[in-house]
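Below is my_file_28.tsv, holding TSV, C-alpha atoms and all ligand atoms.
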```tsv
chain	number	residue	atom	x	y	z
A	18	MET	CA	28.52	12.15	16.70
A	19	VAL	CA	27.71	8.62	17.89
A	20	LYS	CA	26.09	6.54	15.17
A	21	LEU	CA	23.53	3.95	16.24
A	22	ARG	CA	23.26	0.33	15.06
A	23	MET	CA	22.31	-0.08	11.38
A	24	ALA	CA	18.64	0.65	10.90
A	25	ILE	CA	15.94	0.30	8.29
A	26	MET	CA	14.16	3.61	7.74
A	27	ILE	CA	10.45	3.10	7.04
A	28	SER	CA	8.79	6.19	5.61
A	29	GLY	CA	5.03	6.28	6.15
A	30	GLY	CA	5.45	3.56	8.78
A	31	ALA	CA	2.52	4.88	10.82
A	32	GLY	CA	0.11	4.27	7.93
A	33	TYR	CA	-1.94	1.19	7.17
A	34	ILE	CA	0.52	-0.97	5.22
A	35	GLY	CA	3.54	0.68	6.85
A	36	SER	CA	2.51	-0.17	10.43
A	37	HIS	CA	2.00	-3.83	9.51
A	38	THR	CA	5.39	-3.91	7.83
A	39	VAL	CA	7.03	-2.33	10.88
A	40	ARG	CA	5.48	-5.10	12.99
A	41	TYR	CA	6.80	-7.77	10.61
A	42	PHE	CA	10.31	-6.27	10.53
A	43	LEU	CA	10.45	-6.06	14.33
A	44	ASP	CA	9.48	-9.73	14.48
A	45	LYS	CA	12.47	-10.36	12.21
A	46	ASN	CA	14.69	-8.53	14.72
A	47	GLU	CA	15.43	-5.64	12.39
A	48	ASP	CA	16.19	-2.23	13.86
A	49	VAL	CA	13.49	0.08	12.55
A	50	ILE	CA	13.07	3.84	12.56
A	51	VAL	CA	9.95	5.51	11.17
A	52	VAL	CA	9.61	8.88	9.48
A	53	ASP	CA	5.99	9.97	9.15
A	54	ASN	CA	4.30	13.38	9.12
A	55	LEU	CA	1.14	11.69	10.47
A	56	GLN	CA	-1.07	13.29	7.80
A	57	THR	CA	-2.96	10.01	7.54
A	58	GLY	CA	-0.91	7.82	9.88
A	59	HIS	CA	-1.48	6.94	13.53
A	60	ARG	CA	1.09	7.19	16.26
A	61	GLN	CA	-0.82	4.50	18.21
A	62	SER	CA	-0.23	1.95	15.46
A	63	LEU	CA	3.45	1.79	16.41
A	64	ALA	CA	5.28	0.48	19.43
A	65	ILE	CA	8.81	1.63	18.58
A	66	GLU	CA	11.38	3.89	20.09
A	67	HIS	CA	12.18	6.00	17.04
A	68	LEU	CA	9.21	7.66	15.37
A	69	TYR	CA	10.15	10.99	13.81
A	70	GLN	CA	7.20	13.20	13.00
A	71	ILE	CA	8.61	15.09	10.06
A	72	ASP	CA	7.73	15.60	6.42
A	73	LEU	CA	10.02	13.91	3.90
A	74	ARG	CA	10.20	17.13	1.95
A	75	ASP	CA	11.95	18.77	4.90
A	76	LYS	CA	15.38	17.71	3.68
A	77	LYS	CA	17.28	19.40	6.47
A	78	GLU	CA	15.44	17.48	9.18
A	79	LEU	CA	15.54	14.27	7.19
A	80	ASP	CA	19.25	14.59	6.72
A	81	LYS	CA	19.71	15.00	10.50
A	82	ILE	CA	17.95	11.67	11.06
A	83	PHE	CA	20.11	9.93	8.48
A	84	ARG	CA	23.20	11.35	10.16
A	85	VAL	CA	22.23	10.10	13.63
A	86	HIS	CA	21.03	6.67	12.54
A	87	ASN	CA	23.13	4.38	10.48
A	88	VAL	CA	20.48	3.87	7.78
A	89	GLU	CA	21.10	0.74	5.77
A	90	ALA	CA	18.02	0.86	3.54
A	91	VAL	CA	14.71	2.66	3.09
A	92	ILE	CA	11.24	1.16	2.78
A	93	HIS	CA	9.19	3.96	1.23
A	94	PHE	CA	5.43	3.98	1.89
A	95	ALA	CA	4.83	7.71	2.46
A	96	ALA	CA	2.54	9.11	-0.23
A	97	ASN	CA	-0.85	10.52	-1.07
A	98	SER	CA	-2.83	7.60	-2.43
A	99	LEU	CA	-6.49	8.33	-3.12
A	100	VAL	CA	-7.39	7.97	-6.77
A	101	SER	CA	-10.35	10.38	-6.85
A	102	GLU	CA	-8.61	13.01	-4.72
A	103	SER	CA	-5.61	12.84	-7.05
A	104	MET	CA	-7.83	13.97	-9.95
A	105	GLU	CA	-8.84	17.11	-8.03
A	106	LYS	CA	-5.46	17.88	-6.48
A	107	PRO	CA	-2.72	17.02	-9.00
A	108	PHE	CA	-0.36	19.63	-7.52
A	109	GLU	CA	-0.53	18.01	-4.06
A	110	TYR	CA	0.02	14.55	-5.56
A	111	TYR	CA	3.03	15.56	-7.65
A	112	HIS	CA	4.41	17.57	-4.76
A	113	ASN	CA	4.11	14.92	-2.09
A	114	ASN	CA	4.78	11.84	-4.20
A	115	VAL	CA	7.25	12.91	-6.88
A	116	TYR	CA	9.00	15.79	-5.13
A	117	GLY	CA	8.87	13.86	-1.82
A	118	LEU	CA	10.76	10.95	-3.39
A	119	MET	CA	13.22	13.34	-5.00
A	120	CYS	CA	14.04	14.78	-1.56
A	121	LEU	CA	14.34	11.33	-0.04
A	122	LEU	CA	16.67	10.06	-2.78
A	123	ASP	CA	18.80	13.17	-2.47
A	124	VAL	CA	19.26	12.59	1.26
A	125	MET	CA	19.97	8.91	0.60
A	126	LYS	CA	22.60	9.91	-1.96
A	127	ASP	CA	24.25	12.35	0.45
A	128	ASN	CA	24.37	9.67	3.15
A	129	ASP	CA	25.49	6.86	0.88
A	130	VAL	CA	22.33	4.78	1.37
A	131	LYS	CA	22.00	2.50	-1.66
A	132	LYS	CA	18.82	0.47	-1.20
A	133	ILE	CA	15.15	1.39	-1.41
A	134	VAL	CA	11.96	-0.70	-1.51
A	135	PHE	CA	9.11	1.28	-3.00
A	136	SER	CA	5.28	1.07	-2.75
A	137	SER	CA	3.99	1.15	-6.28
A	138	THR	CA	0.54	0.22	-7.46
A	139	ALA	CA	-1.60	-1.61	-10.00
A	140	ALA	CA	-2.77	1.89	-10.96
A	141	THR	CA	0.47	2.26	-12.98
A	142	TYR	CA	-1.03	-0.09	-15.60
A	143	GLY	CA	-4.32	1.72	-16.22
A	144	GLU	CA	-6.94	-0.25	-18.17
A	145	PRO	CA	-5.26	-3.65	-18.67
A	146	LYS	CA	-5.10	-5.37	-22.06
A	147	ASN	CA	-4.34	-8.79	-20.56
A	148	ILE	CA	-5.44	-10.60	-17.41
A	149	PRO	CA	-3.54	-11.56	-15.32
A	150	ILE	CA	-1.33	-8.50	-15.59
A	151	ILE	CA	2.41	-9.09	-15.89
A	152	GLU	CA	5.18	-6.58	-15.22
A	153	GLU	CA	6.01	-6.23	-18.93
A	154	ASP	CA	2.49	-5.06	-19.78
A	155	ASP	CA	1.98	-1.47	-20.93
A	156	THR	CA	1.78	1.22	-18.29
A	157	ASN	CA	-0.84	3.83	-19.15
A	158	PRO	CA	-2.22	5.24	-15.90
A	159	THR	CA	-5.73	6.63	-16.07
A	160	ASN	CA	-5.40	8.86	-13.02
A	161	THR	CA	-2.94	11.32	-11.47
A	162	TYR	CA	-2.14	8.99	-8.58
A	163	GLY	CA	-0.98	6.16	-10.88
A	164	GLU	CA	0.90	8.65	-13.05
A	165	THR	CA	2.87	9.98	-10.06
A	166	LYS	CA	3.79	6.43	-9.00
A	167	LEU	CA	5.02	5.66	-12.52
A	168	ALA	CA	7.04	8.88	-12.53
A	169	MET	CA	8.56	7.80	-9.20
A	170	GLU	CA	9.54	4.41	-10.63
A	171	LYS	CA	11.21	6.16	-13.56
A	172	MET	CA	13.01	8.57	-11.23
A	173	MET	CA	14.47	5.64	-9.29
A	174	LYS	CA	15.69	4.10	-12.54
A	175	TRP	CA	17.77	7.21	-13.30
A	176	PHE	CA	19.01	7.56	-9.73
A	177	ASP	CA	20.21	3.97	-10.02
A	178	GLN	CA	22.07	4.90	-13.23
A	179	GLY	CA	23.55	8.05	-11.76
A	180	TYR	CA	24.14	7.20	-8.10
A	181	ASP	CA	23.90	3.40	-7.96
A	182	ILE	CA	20.87	3.48	-5.64
A	183	LYS	CA	19.19	0.09	-6.17
A	184	TYR	CA	15.42	-0.19	-5.89
A	185	VAL	CA	12.68	-2.78	-5.77
A	186	SER	CA	9.32	-1.42	-6.85
A	187	LEU	CA	6.37	-3.42	-5.56
A	188	ARG	CA	3.16	-2.87	-7.51
A	189	TYR	CA	0.47	-3.92	-5.10
A	190	PHE	CA	-3.06	-4.68	-6.06
A	191	ASN	CA	-5.79	-4.27	-3.38
A	192	ALA	CA	-4.31	-4.29	0.11
A	193	ALA	CA	-6.75	-5.64	2.70
A	194	GLY	CA	-7.01	-7.43	6.05
A	195	ALA	CA	-5.22	-6.73	9.30
A	196	HIS	CA	-2.65	-8.20	11.67
A	197	GLU	CA	-3.96	-11.41	13.27
A	198	SER	CA	-3.67	-9.91	16.77
A	199	GLY	CA	-6.51	-7.52	15.93
A	200	ASN	CA	-4.61	-4.63	17.51
A	201	ILE	CA	-3.48	-2.91	14.33
A	202	GLY	CA	-5.50	-2.48	11.16
A	203	GLU	CA	-6.82	-0.12	8.54
A	204	GLU	CA	-8.08	3.33	9.47
A	205	HIS	CA	-8.41	5.95	6.77
A	206	ASP	CA	-10.45	9.14	7.02
A	207	PRO	CA	-12.26	9.37	4.71
A	208	GLU	CA	-12.42	5.63	4.08
A	209	THR	CA	-12.76	4.75	0.39
A	210	HIS	CA	-11.76	1.07	0.30
A	211	LEU	CA	-14.40	-1.57	-0.24
A	212	ILE	CA	-13.76	-4.01	2.64
A	213	PRO	CA	-13.60	-1.50	5.55
A	214	LEU	CA	-16.66	0.26	4.10
A	215	ILE	CA	-18.61	-3.01	3.98
A	216	LEU	CA	-17.63	-3.76	7.60
A	217	GLN	CA	-19.03	-0.42	8.73
A	218	VAL	CA	-22.50	-1.92	8.14
A	219	PRO	CA	-22.31	-4.70	10.79
A	220	LEU	CA	-20.59	-2.17	13.06
A	221	GLY	CA	-23.74	-0.05	12.84
A	222	GLN	CA	-21.84	2.87	11.29
A	223	ARG	CA	-23.57	2.79	7.91
A	224	GLU	CA	-26.90	1.42	6.73
A	225	LYS	CA	-25.81	-0.30	3.53
A	226	ILE	CA	-23.01	-0.64	1.06
A	227	PHE	CA	-23.23	0.83	-2.43
A	228	MET	CA	-21.91	-1.26	-5.31
A	229	PHE	CA	-20.44	1.00	-7.96
A	230	GLY	CA	-21.91	-0.46	-11.16
A	231	ASP	CA	-23.27	-3.90	-12.00
A	232	ASP	CA	-23.03	-3.63	-15.78
A	233	TYR	CA	-19.35	-4.46	-16.24
A	234	SER	CA	-18.39	-7.34	-18.49
A	235	THR	CA	-17.68	-9.67	-15.59
A	236	GLU	CA	-19.54	-12.77	-14.47
A	237	ASP	CA	-21.94	-10.98	-12.11
A	238	GLY	CA	-21.53	-7.48	-13.59
A	239	THR	CA	-19.54	-6.01	-10.67
A	240	CYS	CA	-15.83	-5.13	-10.74
A	241	VAL	CA	-13.28	-7.82	-10.00
A	242	ARG	CA	-10.18	-7.10	-7.89
A	243	ASP	CA	-7.23	-9.01	-6.49
A	244	TYR	CA	-7.24	-8.63	-2.69
A	245	ILE	CA	-3.92	-9.21	-0.99
A	246	HIS	CA	-3.49	-9.65	2.76
A	247	VAL	CA	-1.52	-6.80	4.30
A	248	MET	CA	0.79	-9.24	6.13
A	249	ASP	CA	1.62	-10.90	2.80
A	250	LEU	CA	2.61	-7.44	1.56
A	251	ALA	CA	4.74	-7.01	4.68
A	252	SER	CA	6.61	-10.27	4.05
A	253	ALA	CA	7.22	-9.25	0.42
A	254	HIS	CA	8.90	-6.05	1.64
A	255	TYR	CA	11.20	-8.09	3.82
A	256	LEU	CA	12.10	-10.41	0.92
A	257	ALA	CA	12.68	-7.38	-1.32
A	258	LEU	CA	15.12	-6.02	1.24
A	259	GLU	CA	16.91	-9.38	1.37
A	260	TYR	CA	17.06	-9.34	-2.43
A	261	LEU	CA	18.77	-5.94	-2.37
A	262	ARG	CA	21.09	-7.11	0.40
A	263	GLY	CA	22.16	-9.84	-2.04
A	264	ASN	CA	23.47	-7.08	-4.37
A	265	ASN	CA	20.90	-7.84	-7.04
A	266	PRO	CA	19.85	-5.37	-9.73
A	267	SER	CA	16.83	-3.08	-9.46
A	268	GLU	CA	13.49	-4.75	-10.27
A	269	VAL	CA	9.73	-4.28	-10.46
A	270	PHE	CA	7.30	-6.89	-9.08
A	271	ASN	CA	3.53	-7.27	-8.97
A	272	LEU	CA	2.01	-8.34	-5.66
A	273	GLY	CA	-1.42	-9.88	-5.67
A	274	ASN	CA	-2.78	-13.24	-4.69
A	275	GLY	CA	-3.77	-14.11	-8.24
A	276	ASN	CA	-7.47	-14.61	-7.47
A	277	GLY	CA	-10.09	-12.13	-8.54
A	278	TYR	CA	-13.22	-11.46	-6.48
A	279	SER	CA	-16.18	-9.39	-7.60
A	280	VAL	CA	-17.72	-6.70	-5.41
A	281	LYS	CA	-20.75	-9.00	-4.94
A	282	GLN	CA	-18.52	-11.90	-3.89
A	283	VAL	CA	-16.71	-9.72	-1.36
A	284	ILE	CA	-20.01	-8.63	0.15
A	285	ASP	CA	-21.20	-12.26	0.32
A	286	VAL	CA	-18.08	-13.39	2.14
A	287	ALA	CA	-18.40	-10.45	4.54
A	288	ARG	CA	-22.00	-11.51	5.26
A	289	GLN	CA	-20.80	-15.00	6.20
A	290	VAL	CA	-17.87	-13.78	8.28
A	291	THR	CA	-19.88	-11.21	10.23
A	292	ASN	CA	-23.14	-13.14	10.29
A	293	ASN	CA	-24.94	-9.97	9.25
A	294	PRO	CA	-27.26	-9.43	6.25
A	295	ILE	CA	-25.29	-6.34	5.02
A	296	PRO	CA	-27.79	-4.68	2.67
A	297	ALA	CA	-26.27	-3.67	-0.67
A	298	GLU	CA	-27.54	-1.32	-3.37
A	299	VAL	CA	-26.32	-0.72	-6.91
A	300	LYS	CA	-25.20	2.80	-7.78
A	301	GLU	CA	-23.70	4.25	-10.94
A	302	ARG	CA	-20.13	3.30	-11.86
A	303	ARG	CA	-17.27	5.14	-10.19
A	304	ALA	CA	-15.20	7.03	-12.75
A	305	GLY	CA	-11.94	5.40	-13.75
A	306	ASP	CA	-12.64	1.89	-12.38
A	307	PRO	CA	-11.30	-0.86	-14.68
A	308	ALA	CA	-13.63	-3.90	-14.84
A	309	ILE	CA	-11.00	-6.46	-13.81
A	310	LEU	CA	-7.59	-6.16	-12.15
A	311	ILE	CA	-5.79	-9.39	-11.36
A	312	ALA	CA	-2.04	-9.72	-10.89
A	313	SER	CA	0.34	-12.34	-11.99
A	314	SER	CA	2.84	-12.50	-9.11
A	315	GLU	CA	4.91	-15.28	-10.64
A	316	LYS	CA	7.94	-13.04	-10.95
A	317	ALA	CA	7.92	-12.19	-7.23
A	318	LYS	CA	7.51	-15.88	-6.42
A	319	ASP	CA	10.39	-16.90	-8.70
A	320	MET	CA	12.85	-14.13	-7.89
A	321	LEU	CA	12.01	-13.20	-4.29
A	322	GLY	CA	10.78	-16.60	-3.13
A	323	TRP	CA	7.55	-14.93	-2.02
A	324	GLU	CA	4.54	-17.11	-1.18
A	325	PRO	CA	1.39	-15.37	0.03
A	326	GLN	CA	0.27	-17.15	3.21
A	327	PHE	CA	-3.21	-15.73	3.61
A	328	ASN	CA	-4.83	-15.82	0.21
A	329	SER	CA	-8.34	-16.86	1.09
A	330	LEU	CA	-10.81	-14.01	1.04
A	331	GLU	CA	-12.46	-15.41	4.23
A	332	LYS	CA	-9.16	-15.08	6.08
A	333	ILE	CA	-8.57	-11.55	4.79
A	334	ILE	CA	-12.07	-10.38	5.77
A	335	ASN	CA	-11.99	-12.29	9.06
A	336	ASP	CA	-8.78	-10.52	10.11
A	337	ALA	CA	-10.15	-7.14	9.02
A	338	TRP	CA	-13.34	-7.85	10.96
A	339	ARG	CA	-11.43	-8.76	14.15
A	340	TRP	CA	-9.63	-5.40	14.02
A	341	HIS	CA	-12.78	-3.36	13.35
A	342	LYS	CA	-14.84	-5.23	15.96
A	343	ASN	CA	-12.14	-4.72	18.62
A	344	ASN	CA	-11.64	-1.08	17.62
A	345	PRO	CA	-14.90	0.30	16.20
A	346	GLU	CA	-13.54	3.85	16.45
A	347	GLY	CA	-10.15	2.85	15.02
A	348	TYR	CA	-7.12	4.15	16.90
A	349	SER	CA	-9.05	6.96	18.55
B	401	LIG	N1	-3.88	0.63	0.30
B	401	LIG	C1	-3.76	0.08	-0.91
B	401	LIG	O1	-4.59	-0.72	-1.36
B	401	LIG	C2	-2.55	0.40	-1.76
B	401	LIG	C3	-2.45	-0.21	-3.01
B	401	LIG	C4	-1.33	0.06	-3.80
B	401	LIG	C5	-0.33	0.91	-3.34
B	401	LIG	N2	-0.46	1.52	-2.13
B	401	LIG	C6	0.63	2.40	-1.68
B	401	LIG	O2	1.11	1.94	-0.44
B	401	LIG	C7	1.56	3.02	0.38
B	401	LIG	C8	0.89	2.94	1.74
B	401	LIG	O3	-0.51	2.95	1.56
B	401	LIG	P1	-1.49	2.98	2.83
B	401	LIG	O4	-2.82	2.48	2.38
B	401	LIG	O5	-0.81	2.36	3.98
B	401	LIG	O6	-1.60	4.55	3.03
B	401	LIG	P2	-1.65	5.40	4.40
B	401	LIG	O7	-2.20	6.73	4.00
B	401	LIG	O8	-2.32	4.65	5.46
B	401	LIG	O9	-0.10	5.55	4.76
B	401	LIG	C9	0.74	6.53	4.23
B	401	LIG	C10	1.60	7.07	5.35
B	401	LIG	O10	2.54	8.03	4.84
B	401	LIG	C11	2.56	9.21	5.66
B	401	LIG	N3	2.98	10.32	4.79
B	401	LIG	C12	2.37	10.77	3.66
B	401	LIG	N4	3.07	11.78	3.12
B	401	LIG	C13	4.17	11.97	3.91
B	401	LIG	C14	5.28	12.87	3.87
B	401	LIG	N5	5.41	13.81	2.92
B	401	LIG	N6	6.21	12.78	4.84
B	401	LIG	C15	6.11	11.86	5.84
B	401	LIG	N7	5.08	10.99	5.92
B	401	LIG	C16	4.12	11.04	4.97
B	401	LIG	C17	1.13	9.28	6.18
B	401	LIG	O11	1.01	10.04	7.36
B	401	LIG	C18	0.81	7.80	6.41
B	401	LIG	O12	1.20	7.38	7.69
B	401	LIG	C19	1.25	4.29	-0.41
B	401	LIG	O13	2.43	4.69	-1.05
B	401	LIG	C20	0.21	3.83	-1.41
B	401	LIG	O14	0.26	4.61	-2.59
B	401	LIG	C21	-1.53	1.29	-1.32
B	402	LIG	O1	-18.19	1.73	-1.57
B	402	LIG	C1	-17.59	1.11	-2.46
B	402	LIG	C2	-16.18	1.14	-2.59
B	402	LIG	C3	-15.61	0.44	-3.63
B	402	LIG	N1	-16.37	-0.25	-4.50
B	402	LIG	C4	-15.75	-1.02	-5.59
B	402	LIG	O2	-14.89	-1.96	-5.00
B	402	LIG	C5	-13.74	-2.18	-5.81
B	402	LIG	C6	-12.49	-1.93	-4.98
B	402	LIG	O3	-12.43	-0.54	-4.68
B	402	LIG	P1	-11.36	0.09	-3.67
B	402	LIG	O4	-11.66	1.55	-3.59
B	402	LIG	O5	-11.38	-0.70	-2.41
B	402	LIG	O6	-9.98	-0.18	-4.37
B	402	LIG	P2	-9.46	0.26	-5.82
B	402	LIG	O7	-9.45	-0.99	-6.64
B	402	LIG	O8	-10.19	1.40	-6.37
B	402	LIG	O9	-8.01	0.86	-5.49
B	402	LIG	C7	-6.98	0.19	-4.81
B	402	LIG	O10	-6.18	-0.50	-5.71
B	402	LIG	C8	-5.64	0.28	-6.74
B	402	LIG	C9	-4.86	-0.63	-7.62
B	402	LIG	O11	-5.64	-1.71	-7.99
B	402	LIG	C10	-4.77	1.41	-6.18
B	402	LIG	O12	-3.53	0.93	-5.78
B	402	LIG	C11	-5.43	2.14	-5.04
B	402	LIG	O13	-4.48	2.89	-4.33
B	402	LIG	C12	-6.09	1.20	-4.08
B	402	LIG	O14	-6.85	1.96	-3.19
B	402	LIG	C13	-13.86	-1.21	-6.99
B	402	LIG	O15	-14.38	-1.90	-8.07
B	402	LIG	C14	-14.89	-0.18	-6.51
B	402	LIG	O16	-15.67	0.36	-7.54
B	402	LIG	C15	-17.75	-0.30	-4.39
B	402	LIG	O17	-18.45	-0.93	-5.18
B	402	LIG	N2	-18.32	0.38	-3.36
```

Can the structure from this file be put into structure tokens for me?
Ligand SMILES: NC(=O)c1ccc[n+]([C@@H]2O[C@H](COP(=O)([O-])OP(=O)(O)OC[C@H]3O[C@@H](n4cnc5c(N)ncnc54)[C@H](O)[C@@H]3O)[C@@H](O)[C@H]2O)c1
Ligand SMILES: O=c1ccn([C@@H]2O[C@H](COP(=O)(O)OP(=O)(O)O[C@H]3O[C@H](CO)[C@H](O)[C@H](O)[C@H]3O)[C@@H](O)[C@H]2O)c(=O)[nH]1
Amino acid sequence: MVKLRMAIMISGGAGYIGSHTVRYFLDKNEDVIVVDNLQTGHRQSLAIEHLYQIDLRDKKELDKIFRVHNVEAVIHFAANSLVSESMEKPFEYYHNNVYGLMCLLDVMKDNDVKKIVFSSTAATYGEPKNIPIIEEDDTNPTNTYGETKLAMEKMMKWFDQGYDIKYVSLRYFNAAGAHESGNIGEEHDPETHLIPLILQVPLGQREKIFMFGDDYSTEDGTCVRDYIHVMDLASAHYLALEYLRGNNPSEVFNLGNGNGYSVKQVIDVARQVTNNPIPAEVKERRAGDPAILIASSEKAKDMLGWEPQFNSLEKIINDAWRWHKNNPEGYS
């Protein structure tokens, strides 16, 4: 069988963060193949030759792909990732996230692939004791989603011990924004994330935005989050791959921009960016929301040389707005 040039396999590459990372890797002249079952991803978000529509848990098919392509490393985005859904469907979350990774690592082991960059989450920490959160802080997830991601991190630790598969786990905070071109962006159905929901108001797709609670112990009473531009996440994945290429040990890194913004502040910036009044109404708290989540990303800066380029909230919302304005119906 003829093996092709060494490739980076991106699982979940047709999803929101995955498609932006594919774009970044192509700009870096990497050979990329994508494996995605398209359960939430979009074929139209990708302009690449090799998109395989298969489920990671189909080990036989996955193995075939690894045998044809000379896979150097895996960037693993594919997962179920909605917090509230995870509380109602723990079986699906354990099956897709934990068992899915187990299948992937097994195929990597069989094909002698020794590097994986993994999408983890701030949800592994649960309710934080300290702000900003550092990687050594306790991990006590408060939902099934975060628990599955923590289990996946632990699984990779033991696969490193047993099979020498090195990993970098990237715990992202709130991914937001879109590629500057405005031709790829975020489209989830149902949408649950704050910024795309706010932007549905100026698009005429919803009347107002609900703010989930204004009685938190924060400056204006609404929850504070650390929004990180999706292209800054993409560059961190590239640096994580370079780190593994340098034969460095497995590591865990937070990725945020270090600035917290309240729900009210996000809505205010969106009003300025879109020049729209965006009516907002307070509703009861959403279960499981910590008051404040802000990352310390010092470790990623020190060890990966990562510097977020787009850390102003105006820039993040402006890029998201360009995508949504150009594509009000998303990829369809
Ligand atoms: N969006 C955020 O704010 C955020 C924050 C922290 C972590 N994450 C993590 O980042 C990753 C990507 O998130 P996203 O927002 O881009 O999600 P997304 O749903 O847009 O992308 C996930 C992709 O994985 C694919 N997929 C899922 N299960 C699969 C399977 N079994 N086999 C093959 N493909 C499969 C989906 O079709 C989709 O294209 C996820 O692992 C998520 O948990 C996201
Ligand atoms: O209509 C809405 C939607 C959200 N919010 C609030 O806006 C903030 C951000 O909510 P998102 O749903 O956009 O994001 P989360 O912080 O809940 O979750 C995100 O970040 C987490 C880690 O911080 C996980 O990684 C998760 O996968 C990812 O979606 C929260 O305080 C939420 O209560 C509202 O007030 N109104």

Self-check item: Nearby residues, ligand LIG 401 (chain B), 6 Å, all atoms listed in the file, as an MDAnalysis selection string
Solution: chainID A and resid 29:35 52:58 71:74 94:98 113 117 136:138 189:192

Quiz item: Taking only C-alpha atoms and all ligand atoms into account, which residues are within 7 Å of ligand LIG 402 (chain B), as a ChimeraX atom specification?
Solution: /A:98-100,138-140,189-191,209-212,214,226-230,240-242,280,302-303,306,310

Quiz item: In Å, how far is it from atom CA of Pro307 of chain A to atom CA of Ala337 of chain A?
Solution: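 Rounded to one decimal, the two atoms are 24.5 Å apart.
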
Self-check item: Residue among A:Glu236, A:Cys120, A:Ala64, A:Thr161 lying closest to Lys106 of chain A, counting all atoms listed in the file
Solution: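 Selected residue with least distance to Lys106 of chain A: A:Thr161.
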
Draw an axis-aligned box tight on the listed atoms of segment 170-189 of chain A, then pad every side by 3 Å and write out centre and edge lengths in Å to one decimal as AutoDock Vina command-line options.
```
--center_x 12.3 --center_y 2.3 --center_z -9.3 --size_x 29.7 --size_y 18.5 --size_z 14.5
```
